[in-house]
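The file structure_2.cif contains mmCIF, C-alpha atoms:
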```cif
data_input
loop_
_atom_site.label_atom_id
_atom_site.label_comp_id
_atom_site.auth_asym_id
_atom_site.auth_seq_id
_atom_site.Cartn_x
_atom_site.Cartn_y
_atom_site.Cartn_z
CA MET A 1 -109.48 134.05 27.78
CA ILE A 2 -106.76 131.83 26.36
CA ARG A 3 -107.87 128.19 26.18
CA LEU A 4 -104.58 126.32 26.27
CA LEU A 5 -103.78 122.74 25.30
CA LEU A 6 -100.45 121.43 26.61
CA ILE A 7 -98.68 118.78 24.53
CA ASP A 8 -95.50 117.27 25.93
CA ASP A 9 -94.49 113.64 26.38
CA HIS A 10 -93.03 114.35 29.83
CA PRO A 11 -95.75 114.48 32.54
CA LEU A 12 -93.48 116.42 34.89
CA VAL A 13 -93.12 119.19 32.31
CA ARG A 14 -96.87 119.39 31.88
CA ASP A 15 -97.42 119.41 35.64
CA GLY A 16 -94.88 122.20 36.06
CA LEU A 17 -96.49 124.31 33.36
CA LYS A 18 -99.98 123.76 34.77
CA ALA A 19 -98.81 124.77 38.23
CA ARG A 20 -97.23 127.96 36.90
CA LEU A 21 -100.22 128.86 34.74
CA ALA A 22 -102.81 128.21 37.46
CA SER A 23 -102.39 131.72 38.85
CA GLU A 24 -102.80 133.47 35.50
CA PRO A 25 -106.37 134.81 35.23
CA ASP A 26 -106.40 135.03 31.44
CA ILE A 27 -105.05 131.52 30.74
CA THR A 28 -106.95 128.30 31.31
CA VAL A 29 -105.38 124.91 30.65
CA VAL A 30 -108.30 123.05 29.06
CA GLY A 31 -106.42 119.87 28.19
CA GLU A 32 -103.13 118.05 27.97
CA ALA A 33 -101.63 115.28 25.89
CA GLY A 34 -98.50 113.15 25.90
CA ASP A 35 -98.61 111.78 22.35
CA ALA A 36 -100.20 112.34 18.95
CA GLN A 37 -103.29 110.23 19.60
CA GLU A 38 -104.04 112.02 22.86
CA ALA A 39 -103.39 115.39 21.22
CA ILE A 40 -105.87 114.78 18.39
CA ALA A 41 -108.49 113.57 20.87
CA ALA A 42 -107.91 116.56 23.16
CA LEU A 43 -108.20 118.99 20.26
CA ALA A 44 -111.67 117.69 19.49
CA ALA A 45 -112.77 117.48 23.12
CA CYS A 46 -111.37 120.74 24.54
CA SER A 47 -111.63 123.27 21.68
CA PRO A 48 -108.39 125.11 22.58
CA THR A 49 -107.47 128.44 21.05
CA LEU A 50 -103.75 127.94 21.63
CA VAL A 51 -101.44 124.93 21.78
CA LEU A 52 -98.12 124.91 23.63
CA MET A 53 -96.28 121.95 22.18
CA ASP A 54 -92.92 120.24 22.60
CA ILE A 55 -90.97 119.73 19.38
CA GLY A 56 -89.28 116.53 20.56
CA MET A 57 -92.18 114.07 20.84
CA LYS A 58 -91.48 110.34 20.96
CA ASP A 59 -93.97 108.87 18.50
CA VAL A 60 -94.48 111.80 16.11
CA ASN A 61 -92.29 114.90 16.26
CA GLY A 62 -93.96 118.15 17.17
CA ILE A 63 -93.69 119.63 13.69
CA GLU A 64 -95.51 116.69 12.12
CA LEU A 65 -98.12 116.68 14.88
CA MET A 66 -98.70 120.40 14.43
CA GLY A 67 -99.54 119.72 10.78
CA MET A 68 -102.09 117.12 11.84
CA LEU A 69 -103.72 119.55 14.27
CA LEU A 70 -103.81 122.44 11.80
CA ILE A 71 -105.53 120.27 9.20
CA ARG A 72 -108.30 119.73 11.75
CA GLN A 73 -108.35 123.31 13.05
CA PRO A 74 -106.63 125.69 10.59
CA LYS A 75 -107.03 128.78 12.79
CA LEU A 76 -105.38 127.15 15.79
CA ALA A 77 -102.45 129.11 17.21
CA VAL A 78 -99.39 126.96 17.99
CA LEU A 79 -96.41 127.93 20.11
CA MET A 80 -93.51 125.50 20.00
CA LEU A 81 -91.71 124.79 23.26
CA SER A 82 -88.27 123.28 22.78
CA MET A 83 -84.90 122.70 24.39
CA TYR A 84 -83.27 123.19 20.98
CA ASP A 85 -82.29 126.64 19.68
CA SER A 86 -81.42 125.23 16.23
CA VAL A 87 -82.21 127.62 13.38
CA GLU A 88 -83.26 124.62 11.30
CA TYR A 89 -85.89 123.57 13.85
CA VAL A 90 -87.19 127.13 14.13
CA GLN A 91 -87.47 127.56 10.37
CA ARG A 92 -89.18 124.21 9.91
CA SER A 93 -91.61 124.98 12.72
CA MET A 94 -92.54 128.41 11.38
CA GLN A 95 -92.87 127.13 7.82
CA ALA A 96 -95.18 124.38 9.08
CA GLY A 97 -97.49 126.90 10.72
CA ALA A 98 -96.19 127.68 14.20
CA ARG A 99 -96.66 131.26 15.34
CA GLY A 100 -93.86 131.19 17.87
CA TYR A 101 -90.89 129.30 19.25
CA VAL A 102 -89.80 129.55 22.86
CA LEU A 103 -87.10 127.65 24.72
CA LYS A 104 -87.83 125.39 27.68
CA ASP A 105 -85.12 127.02 29.76
CA ALA A 106 -86.60 130.48 29.24
CA PRO A 107 -87.84 132.32 32.35
CA SER A 108 -91.51 131.72 33.10
CA ALA A 109 -92.21 135.41 32.42
CA GLU A 110 -90.92 134.98 28.88
CA ILE A 111 -93.04 131.89 28.28
CA LEU A 112 -96.09 133.79 29.52
CA SER A 113 -95.26 136.70 27.23
CA ALA A 114 -94.89 134.29 24.31
CA LEU A 115 -98.27 132.68 25.06
CA ARG A 116 -100.05 136.03 25.20
CA THR A 117 -98.31 137.37 22.10
CA VAL A 118 -99.19 134.33 20.00
CA ALA A 119 -102.74 134.17 21.38
CA GLY A 120 -103.15 137.83 20.41
CA GLY A 121 -102.27 137.12 16.80
CA GLY A 122 -98.57 137.99 16.93
CA THR A 123 -95.43 135.92 16.53
CA TYR A 124 -92.77 135.24 19.13
CA LEU A 125 -89.21 133.97 19.03
CA SER A 126 -86.97 133.54 22.06
CA ALA A 127 -84.20 136.14 22.15
CA SER A 128 -81.37 133.67 21.56
CA VAL A 129 -83.26 132.17 18.64
CA SER A 130 -83.88 135.60 17.14
CA ARG A 131 -80.18 136.43 17.31
CA LYS A 132 -79.32 133.25 15.43
CA MET A 133 -82.09 133.76 12.87
CA PHE A 134 -81.32 137.35 11.97
CA ARG A 135 -77.58 137.77 12.41
CA THR A 136 -75.64 138.72 9.30
CA PRO A 137 -73.77 135.68 8.02
CA VAL A 138 -70.08 135.93 7.28
CA SER A 139 -69.25 135.26 3.66
CA ARG A 140 -67.18 132.16 2.99
CA ASN A 141 -65.12 134.38 0.70
CA GLN A 142 -63.70 136.02 3.83
CA LEU A 143 -61.79 132.83 4.59
CA SER A 144 -58.13 132.93 3.68
CA THR A 145 -56.78 130.59 1.02
CA ARG A 146 -55.23 128.41 3.71
CA GLU A 147 -58.52 128.30 5.65
CA GLN A 148 -60.34 127.28 2.49
CA ASP A 149 -57.76 124.51 1.97
CA ILE A 150 -58.38 123.23 5.50
CA LEU A 151 -62.15 123.41 5.03
CA ALA A 152 -61.80 121.31 1.87
CA CYS A 153 -59.74 118.74 3.79
CA LEU A 154 -62.31 118.63 6.58
CA SER A 155 -65.04 117.99 4.02
CA ARG A 156 -63.21 114.79 3.10
CA GLY A 157 -63.13 113.64 6.72
CA GLN A 158 -59.45 114.29 7.34
CA SER A 159 -58.22 114.81 10.91
CA SER A 160 -56.03 117.71 12.01
CA LYS A 161 -53.02 115.39 11.97
CA GLN A 162 -53.76 114.28 8.41
CA ILE A 163 -54.35 117.87 7.28
CA ALA A 164 -51.07 118.95 8.86
CA ARG A 165 -49.23 116.27 6.91
CA VAL A 166 -50.96 117.10 3.61
CA LEU A 167 -50.46 120.85 3.92
CA ASP A 168 -47.00 120.68 5.51
CA LEU A 169 -48.16 122.47 8.66
CA SER A 170 -47.91 121.73 12.35
CA VAL A 171 -50.95 120.22 14.04
CA ARG A 172 -51.13 123.28 16.30
CA THR A 173 -51.28 125.57 13.24
CA VAL A 174 -54.10 123.48 11.77
CA GLU A 175 -56.02 123.69 15.06
CA THR A 176 -55.55 127.46 15.12
CA HIS A 177 -56.92 127.71 11.59
CA ARG A 178 -59.89 125.58 12.58
CA GLN A 179 -60.65 127.92 15.48
CA ASN A 180 -60.39 130.93 13.17
CA ILE A 181 -62.76 129.34 10.65
CA ARG A 182 -65.29 128.67 13.40
CA ARG A 183 -65.02 132.26 14.61
CA LYS A 184 -65.41 133.76 11.13
CA LEU A 185 -68.38 131.56 10.25
CA ASP A 186 -69.93 131.89 13.73
CA LEU A 187 -69.98 128.14 14.30
CA GLU A 188 -70.30 127.14 17.95
CA THR A 189 -68.77 123.67 18.07
CA GLN A 190 -66.32 121.43 16.24
CA ALA A 191 -69.32 119.32 15.19
CA ASP A 192 -70.87 122.42 13.58
CA LEU A 193 -67.59 123.01 11.72
CA ILE A 194 -67.48 119.45 10.40
CA LYS A 195 -71.11 119.65 9.30
CA TYR A 196 -70.46 122.95 7.54
CA ALA A 197 -67.33 121.55 5.87
CA VAL A 198 -69.21 118.52 4.56
CA GLU A 199 -71.97 120.74 3.17
CA HIS A 200 -69.81 123.53 1.76
CA GLY A 201 -66.13 122.64 1.86
CA SER A 202 -65.90 121.05 -1.56
CA ARG A 203 -66.92 124.34 -3.16
CA HIS A 204 -63.57 125.78 -2.17
CA GLY A 205 -61.64 123.32 -4.27
CA GLY A 206 -58.71 121.19 -3.22
CA PRO A 207 -55.79 122.20 -1.04
CA SER A 208 -52.68 123.75 -2.43
CA PHE A 209 -50.48 120.68 -1.99
CA GLY A 210 -46.87 121.38 -1.13
CA GLU A 211 -47.52 125.00 -0.26
CA SER A 212 -46.32 125.68 3.25
CA GLY A 213 -47.21 128.49 5.55
CA GLY A 214 -49.76 129.44 8.15
#
```

How does this structure look as structure tokens?
Amino acid sequence: MIRLLLIDDHPLVRDGLKARLASEPDITVVGEAGDAQEAIAALAACSPTLVLMDIGMKDVNGIELMGMLLIRQPKLAVLMLSMYDSVEYVQRSMQAGARGYVLKDAPSAEILSALRTVAGGGTYLSASVSRKMFRTPVSRNQLSTREQDILACLSRGQSSKQIARVLDLSVRTVETHRQNIRRKLDLETQADLIKYAVEHGSRHGGPSFGESGG
């Protein structure tokens, strides 16, 4: 029997999970909590074997709270439940002691599978998270010289219009290069591209000023 403690700061989420789990004969919800204080009290009062916990708590984030719980009960199994499929969140969660990471928008059957897998001593990652975690990264060296120039400009906060002027290109050409960089580096959004450029762009050196082309 899985003795489950639900930790989420949204009562509606907890109510929905309890309603779905009520028909599962091998899972009993023994407690619930909406913040860190309630979670620590519930851990002591309910003796759960598994915790299903939101990562985005209001007072203390789920990763920090998990650390608090594991100090008190080191053998406790923790499955993170999150709306974020960020690799960074997954890595931080697993490094902190979580045994699984499942997304809130996953089908209920997947959440049940994750609960049973983690309770049985295994680890579980949602499919979309697994794809992000284990895909083969594209080397930055596969960027063309012009793409590396644009990445360097982006790292300095320059807009497409400014980059076009510096590199003697049309704005449309710069935008095309930006799309190609995102595709090669498997970056989903423009915000991801800017973040990547800030973190890595300076390594590519400065742009080849005065060199035209596309």

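Nearest-residue note for Leu151 in chain A: choosing from A:Val30, A:Leu193, A:Val118, A:Leu112, the minimum distance belongs to A:Leu193, counting only C-alpha atoms.
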
Residues proximal to (-68.1, 124.6, 6.3) were defined as those with any atom within 9 Å of that point in the file's coordinates, counting only C-alpha atoms. Which are they, as a ChimeraX atom specification? /A:140,151-152,154-155,181-182,185,187,192-202

Those same residues, written as a PDB file, in the frame of the given file with C-alpha atoms?
```
ATOM      1  CA  ARG A 140     -67.180 132.160   2.990  1.00  0.00           C
ATOM      2  CA  LEU A 151     -62.150 123.410   5.030  1.00  0.00           C
ATOM      3  CA  ALA A 152     -61.800 121.310   1.870  1.00  0.00           C
ATOM      4  CA  LEU A 154     -62.310 118.630   6.580  1.00  0.00           C
ATOM      5  CA  SER A 155     -65.040 117.990   4.020  1.00  0.00           C
ATOM      6  CA  ILE A 181     -62.760 129.340  10.650  1.00  0.00           C
ATOM      7  CA  ARG A 182     -65.290 128.670  13.400  1.00  0.00           C
ATOM      8  CA  LEU A 185     -68.380 131.560  10.250  1.00  0.00           C
ATOM      9  CA  LEU A 187     -69.980 128.140  14.300  1.00  0.00           C
ATOM     10  CA  ASP A 192     -70.870 122.420  13.580  1.00  0.00           C
ATOM     11  CA  LEU A 193     -67.590 123.010  11.720  1.00  0.00           C
ATOM     12  CA  ILE A 194     -67.480 119.450  10.400  1.00  0.00           C
ATOM     13  CA  LYS A 195     -71.110 119.650   9.300  1.00  0.00           C
ATOM     14  CA  TYR A 196     -70.460 122.950   7.540  1.00  0.00           C
ATOM     15  CA  ALA A 197     -67.330 121.550   5.870  1.00  0.00           C
ATOM     16  CA  VAL A 198     -69.210 118.520   4.560  1.00  0.00           C
ATOM     17  CA  GLU A 199     -71.970 120.740   3.170  1.00  0.00           C
ATOM     18  CA  HIS A 200     -69.810 123.530   1.760  1.00  0.00           C
ATOM     19  CA  GLY A 201     -66.130 122.640   1.860  1.00  0.00           C
ATOM     20  CA  SER A 202     -65.900 121.050  -1.560  1.00  0.00           C
TER      21      SER A 202
END
```

Compute the distance from (-105.8, 132.0, 26.0) to each atom, counting only C-alpha atoms, keep the residues with any atom at most 8 Å away, and return them as a VMD selection string; use the coordinates of the file. chain A and resid 1 to 4 26 to 28 49 to 50 115 to 116 119

I need the residues from that last selection saved to file as a short mmCIF file (atom, residue, chain, number, x, y, z; two decimals), in the frame of the given file (with C-alpha atoms), if you can.
```cif
data_model
loop_
_atom_site.label_atom_id
_atom_site.label_comp_id
_atom_site.auth_asym_id
_atom_site.auth_seq_id
_atom_site.Cartn_x
_atom_site.Cartn_y
_atom_site.Cartn_z
CA MET A 1 -109.48 134.05 27.78
CA ILE A 2 -106.76 131.83 26.36
CA ARG A 3 -107.87 128.19 26.18
CA LEU A 4 -104.58 126.32 26.27
CA ASP A 26 -106.40 135.03 31.44
CA ILE A 27 -105.05 131.52 30.74
CA THR A 28 -106.95 128.30 31.31
CA THR A 49 -107.47 128.44 21.05
CA LEU A 50 -103.75 127.94 21.63
CA LEU A 115 -98.27 132.68 25.06
CA ARG A 116 -100.05 136.03 25.20
CA ALA A 119 -102.74 134.17 21.38
#
```

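Our summary of the geometry notes that CA of Tyr124 in chain A is positioned 23.3 Å from CA of Asp15 in chain A.
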
Given the PyMOL selection byres ((chain A and resi 85) around 6), the residues it picks as a ChimeraX atom specification: /A:84,86,129

Interatomic distance between CA of Asp105 in chain A and CA of Gln73 in chain A? 28.9 Å

Hits from the PyMOL selection byres ((chain A and resi 81) around 9), listed as a PyMOL selection string: chain A and resi 8+52-55+79-80+82-84+100-104+111

Separation of CA of Glu38 in chain A from CA of Ile71 in chain A, in Å and rounded to one decimal: 16.0 Å

Would you pick out the contacts of Ile163 in chain A at 8 Å or less, using only C-alpha atoms, so that residues sharing its chain but fewer than 6 positions from it are not included, and give the list as a list in words? Ile150, Cys153, Leu169, Val171 and Val174 of chain A

Which residue gives the smallest distance to Arg172 in chain A among A:Ile63, A:Leu125, A:Ser160, A:Gly31, with all atoms listed in the file counted? A:Ser160

Select, from A:Arg72, A:Lys184, A:Glu64, A:Gly122, the residue with the minimum atom-to-atom distance to Gln95 in chain A, counting only C-alpha atoms. A:Glu64

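The smallest atom-to-atom distance between Ala41 in chain A and any of A:Ala191, A:Leu5, A:Ser170, A:Gln148, using all atoms listed in the file, is found for A:Leu5.
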
Using only C-alpha atoms, determine which residues lie at most 9 Å from Met66 in chain A, disregarding the query and same-chain residues fewer than 6 positions distant; provide the list as a list in words. Met53, Val78, Ser93, Ala96, Gly97 and Ala98 of chain A

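Nearest residue to Leu43 in chain A, choosing from A:Ile7, A:Val166, A:Val87, A:Ala109 and counting all atoms listed in the file: A:Ile7.
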
Skip Asn180 in chain A itself and residues of its chain fewer than 5 positions away, then list as number ranges by chain all residues within 9 Å of it, counting only C-alpha atoms. A: 143, 147, 175, 185

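The residue that comes closest to Ala127 in chain A, out of A:Asp168, A:Thr145, A:Met68, A:Pro107 and on the basis of all atoms listed in the file, is A:Pro107.
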
Mind rebuilding range 94-129 of chain A with N, CA and C atoms and writing that out as a short mmCIF file (atom, residue, chain, number, x, y, z; two decimals), in the frame of the given file?
```cif
data_model
loop_
_atom_site.label_atom_id
_atom_site.label_comp_id
_atom_site.auth_asym_id
_atom_site.auth_seq_id
_atom_site.Cartn_x
_atom_site.Cartn_y
_atom_site.Cartn_z
N MET A 94 -91.80 127.24 11.87
CA MET A 94 -92.54 128.41 11.38
C MET A 94 -93.12 128.15 10.00
N GLN A 95 -92.37 127.46 9.16
CA GLN A 95 -92.87 127.13 7.82
C GLN A 95 -94.07 126.19 7.90
N ALA A 96 -94.09 125.34 8.93
CA ALA A 96 -95.18 124.38 9.08
C ALA A 96 -96.42 125.00 9.70
N GLY A 97 -96.30 126.23 10.21
CA GLY A 97 -97.49 126.90 10.72
C GLY A 97 -97.42 127.40 12.14
N ALA A 98 -96.30 127.17 12.83
CA ALA A 98 -96.19 127.68 14.20
C ALA A 98 -96.15 129.20 14.18
N ARG A 99 -96.69 129.80 15.23
CA ARG A 99 -96.66 131.26 15.34
C ARG A 99 -95.59 131.75 16.32
N GLY A 100 -94.92 130.80 16.95
CA GLY A 100 -93.86 131.19 17.87
C GLY A 100 -93.01 130.01 18.26
N TYR A 101 -91.85 130.32 18.84
CA TYR A 101 -90.89 129.30 19.25
C TYR A 101 -90.18 129.81 20.49
N VAL A 102 -90.38 129.12 21.60
CA VAL A 102 -89.80 129.55 22.86
C VAL A 102 -89.03 128.38 23.47
N LEU A 103 -87.95 128.68 24.16
CA LEU A 103 -87.10 127.65 24.72
C LEU A 103 -87.57 127.21 26.10
N LYS A 104 -87.38 125.93 26.40
CA LYS A 104 -87.83 125.39 27.68
C LYS A 104 -87.10 126.00 28.86
N ASP A 105 -85.86 126.43 28.64
CA ASP A 105 -85.12 127.02 29.76
C ASP A 105 -85.33 128.52 29.88
N ALA A 106 -86.29 129.05 29.13
CA ALA A 106 -86.60 130.48 29.24
C ALA A 106 -87.28 130.76 30.58
N PRO A 107 -87.12 131.97 31.12
CA PRO A 107 -87.84 132.32 32.35
C PRO A 107 -89.35 132.20 32.15
N SER A 108 -90.06 131.89 33.21
CA SER A 108 -91.51 131.72 33.10
C SER A 108 -92.19 132.98 32.56
N ALA A 109 -91.63 134.15 32.91
CA ALA A 109 -92.21 135.41 32.42
C ALA A 109 -92.14 135.49 30.90
N GLU A 110 -91.06 134.96 30.33
CA GLU A 110 -90.92 134.98 28.88
C GLU A 110 -91.91 134.01 28.22
N ILE A 111 -92.08 132.85 28.83
CA ILE A 111 -93.04 131.89 28.28
C ILE A 111 -94.46 132.46 28.33
N LEU A 112 -94.78 133.15 29.42
CA LEU A 112 -96.09 133.79 29.52
C LEU A 112 -96.25 134.87 28.45
N SER A 113 -95.22 135.66 28.25
CA SER A 113 -95.26 136.70 27.23
C SER A 113 -95.45 136.08 25.84
N ALA A 114 -94.76 134.97 25.60
CA ALA A 114 -94.89 134.29 24.31
C ALA A 114 -96.31 133.78 24.11
N LEU A 115 -96.89 133.19 25.15
CA LEU A 115 -98.27 132.68 25.06
C LEU A 115 -99.24 133.80 24.71
N ARG A 116 -99.11 134.93 25.41
CA ARG A 116 -100.05 136.03 25.20
C ARG A 116 -99.84 136.69 23.84
N THR A 117 -98.59 136.78 23.41
CA THR A 117 -98.31 137.37 22.10
C THR A 117 -98.91 136.53 20.98
N VAL A 118 -98.68 135.23 21.05
CA VAL A 118 -99.19 134.33 20.00
C VAL A 118 -100.71 134.26 20.05
N ALA A 119 -101.28 134.21 21.25
CA ALA A 119 -102.74 134.17 21.38
C ALA A 119 -103.37 135.44 20.83
N GLY A 120 -102.64 136.55 20.91
CA GLY A 120 -103.15 137.83 20.41
C GLY A 120 -102.95 138.02 18.91
N GLY A 121 -102.43 137.03 18.26
CA GLY A 121 -102.27 137.12 16.80
C GLY A 121 -100.87 137.46 16.34
N GLY A 122 -99.94 137.65 17.29
CA GLY A 122 -98.57 137.99 16.93
C GLY A 122 -97.69 136.76 16.79
N THR A 123 -96.42 137.00 16.57
CA THR A 123 -95.43 135.92 16.53
C THR A 123 -94.38 136.18 17.60
N TYR A 124 -93.75 135.10 18.05
CA TYR A 124 -92.77 135.24 19.13
C TYR A 124 -91.62 134.27 18.92
N LEU A 125 -90.41 134.80 19.05
CA LEU A 125 -89.21 133.97 19.03
C LEU A 125 -88.37 134.31 20.26
N SER A 126 -87.87 133.29 20.95
CA SER A 126 -86.97 133.54 22.06
C SER A 126 -85.79 134.39 21.60
N ALA A 127 -85.26 135.19 22.51
CA ALA A 127 -84.20 136.14 22.15
C ALA A 127 -83.00 135.46 21.52
N SER A 128 -82.54 134.35 22.10
CA SER A 128 -81.37 133.67 21.56
C SER A 128 -81.64 133.11 20.17
N VAL A 129 -82.87 132.67 19.96
CA VAL A 129 -83.26 132.17 18.64
C VAL A 129 -83.28 133.30 17.63
#
```
